[in-house]
Amino acid sequence: ATAPADLALARTQRYVSQAAAGNSAAFEALVKEHYQRVLRFQMKWVRNQADAQELAQETFFAAWKKIGSFRQECQFSTWLLGIALNLARNHRNRGPAKHEAELPDDEHLESLLGSGAAPPDQVQERQTLTALDRALARLPADMREVTVLVRLEGMALQDVADLLEVPLGTVKSRLSRGRAQLALDLKAYLE
């Protein structure tokens, strides 16, 4: 039996091939498949929903223009997040005020948490998420990139190294240092 992940990968590869040949419906399928992940990724970088939505759209626009150059040497999602990361970096570099951490409002955090937890648990989770968001914002950019890509996006270390064009050892070092800094910053919430 073929695993669902293998079927999803084959479907994505088929859509990529069709999109590269100019099939806009296949590209729309890729957008539907990956939009939420790209949007969440952008939210982690720009901390502003409107900017994140704009950057997510820019990501797919750039991907559509470049789809013919995608060589499938890595997963489509890795390639797509590379585009998203470059756009997020450019956005942050446009102006210092743009990259100030804008923490999600209570309504947004509640929607992330869902309604499954009891109210006291939701308050604790909200405080923890806010603390995590602040701690991530305080990390140096290189450590934050690696931490977000590996820990929050679930990317493999080698994929992150390829995406950032740095040695694997550098990724491991940045991840270790980022993890240590987060642990220090979140110590009060973890006790």
# chains A, B, ... in the order shown; residues from 1 in each chain; ligands from 1

$ residues_around --residues "region 17-32 of chain A" --least-positions-apart "3" --cutoff "6 Å" --atoms "only C-alpha atoms" --output "compact mmCIF listing (two decimals) with N, CA and C atoms, in the first residue's frame"
# COMPACT_ATOMS: atom_id res chain seq x y z
N ARG A 14 3.11 16.28 -9.64
CA ARG A 14 2.30 16.35 -10.86
C ARG A 14 1.81 17.79 -11.09
N TYR A 35 -1.12 27.43 0.83
CA TYR A 35 -1.34 28.82 1.25
C TYR A 35 -1.28 29.00 2.76
N ILE A 67 8.21 29.15 -11.55
CA ILE A 67 7.91 27.71 -11.48
C ILE A 67 8.67 26.91 -12.53
N GLY A 68 8.95 27.51 -13.65
CA GLY A 68 9.69 26.82 -14.70
C GLY A 68 11.13 26.53 -14.33

$ residues_around --residues "region 78-85 of chain A" --least-positions-apart "3" --cutoff "6 Å" --atoms "only C-alpha atoms" --output "list of chain:residue names"
A:Thr59, A:Gln75, A:Ala88, A:Leu163

$ write_last_selection --atoms "N, CA, C and O atoms" --output "short mmCIF file (atom, residue, chain, number, x, y, z; two decimals), in the first residue's frame"
data_model
loop_
_atom_site.label_atom_id
_atom_site.label_comp_id
_atom_site.auth_asym_id
_atom_site.auth_seq_id
_atom_site.Cartn_x
_atom_site.Cartn_y
_atom_site.Cartn_z
N THR A 59 4.54 35.75 -2.42
CA THR A 59 5.26 34.48 -2.50
C THR A 59 4.73 33.65 -3.66
O THR A 59 5.50 33.13 -4.47
N GLN A 75 11.98 19.51 -2.03
CA GLN A 75 10.52 19.48 -2.06
C GLN A 75 10.01 20.85 -2.48
O GLN A 75 10.62 21.88 -2.20
N ALA A 88 10.24 37.87 3.12
CA ALA A 88 10.15 38.34 4.51
C ALA A 88 11.38 39.14 4.90
O ALA A 88 11.28 40.19 5.54
N LEU A 163 18.45 25.64 1.97
CA LEU A 163 17.63 26.83 1.78
C LEU A 163 18.39 28.11 2.13
O LEU A 163 18.37 29.08 1.39
#

$ select_by_dssp --residues "chain A" --states "alpha helix (DSSP H)" --output "MDAnalysis selection string"
chainID A and resid 4:20 24:46 49:66 76:94 106:113 119:138 141:147 157:164 168:185 187:190

$ atom_distance --atom1 "CA of Ala52 (chain A)" --atom2 "CA of His34 (chain A)"
14.3 Å

$ residues_around --residues "Leu149 (chain A)" --least-positions-apart "6" --cutoff "9 Å" --atoms "only C-alpha atoms" --output "number ranges by chain"
A: 41, 81, 155-157, 160

$ write_last_selection --atoms "C-alpha atoms" --output "PDB file, in the first residue's frame"
ATOM      1  CA  PHE A  41       5.297  31.224   7.999  1.00  0.00           C
ATOM      2  CA  LEU A  81       9.431  28.671   1.802  1.00  0.00           C
ATOM      3  CA  MET A 155      11.969  21.200   8.036  1.00  0.00           C
ATOM      4  CA  ALA A 156      14.900  18.797   8.014  1.00  0.00           C
ATOM      5  CA  LEU A 157      18.262  20.253   9.033  1.00  0.00           C
ATOM      6  CA  VAL A 160      17.342  24.328   6.055  1.00  0.00           C
TER       7      VAL A 160
END

$ atom_distance --atom1 "CA of Trp64 (chain A)" --atom2 "CA of Val171 (chain A)"
28.8 Å

$ closest_residue --among "A:Leu152, A:Leu164, A:Ala135, A:Gln158" --to "Arg40 (chain A)" --atoms "only C-alpha atoms"
A:Leu152

$ atom_distance --atom1 "CA of Leu9 (chain A)" --atom2 "CA of Glu33 (chain A)"
11.3 Å

$ residues_around --residues "region 176-178 of chain A" --least-positions-apart "4" --cutoff "7 Å" --atoms "only C-alpha atoms" --output "PDB file with N, CA and C atoms, in the first residue's frame"
ATOM      1  N   LEU A 139      15.365  36.900  19.473  1.00  0.00           N
ATOM      2  CA  LEU A 139      16.497  36.133  18.937  1.00  0.00           C
ATOM      3  C   LEU A 139      17.142  36.880  17.775  1.00  0.00           C
ATOM      4  N   MET A 143      19.483  33.064  14.109  1.00  0.00           N
ATOM      5  CA  MET A 143      18.998  31.999  14.994  1.00  0.00           C
ATOM      6  C   MET A 143      17.481  31.838  14.876  1.00  0.00           C
ATOM      7  N   ARG A 144      16.774  32.961  14.733  1.00  0.00           N
ATOM      8  CA  ARG A 144      15.314  32.918  14.602  1.00  0.00           C
ATOM      9  C   ARG A 144      14.922  32.174  13.321  1.00  0.00           C
ATOM     10  N   THR A 147      15.496  28.429  13.873  1.00  0.00           N
ATOM     11  CA  THR A 147      14.555  27.916  14.873  1.00  0.00           C
ATOM     12  C   THR A 147      13.158  27.794  14.289  1.00  0.00           C
ATOM     13  N   LYS A 172      23.017  23.604  12.708  1.00  0.00           N
ATOM     14  CA  LYS A 172      22.967  22.942  14.011  1.00  0.00           C
ATOM     15  C   LYS A 172      23.386  23.899  15.125  1.00  0.00           C
ATOM     16  N   LEU A 182      16.013  30.603  23.901  1.00  0.00           N
ATOM     17  CA  LEU A 182      14.572  30.490  24.153  1.00  0.00           C
ATOM     18  C   LEU A 182      14.306  29.871  25.520  1.00  0.00           C
TER      19      LEU A 182
END

$ closest_residue --among "A:Val146, A:Asn86, A:His91, A:Ala62" --to "Asn48 (chain A)" --atoms "only C-alpha atoms"
A:His91

$ closest_residue --among "A:Leu39, A:Ala56, A:Ala50, A:Cys74" --to "Asp162 (chain A)" --atoms "only C-alpha atoms"
A:Cys74

$ closest_residue --among "A:Lys65, A:Thr130, A:Glu73, A:Val166" --to "Arg47 (chain A)" --atoms "only C-alpha atoms"
A:Thr130
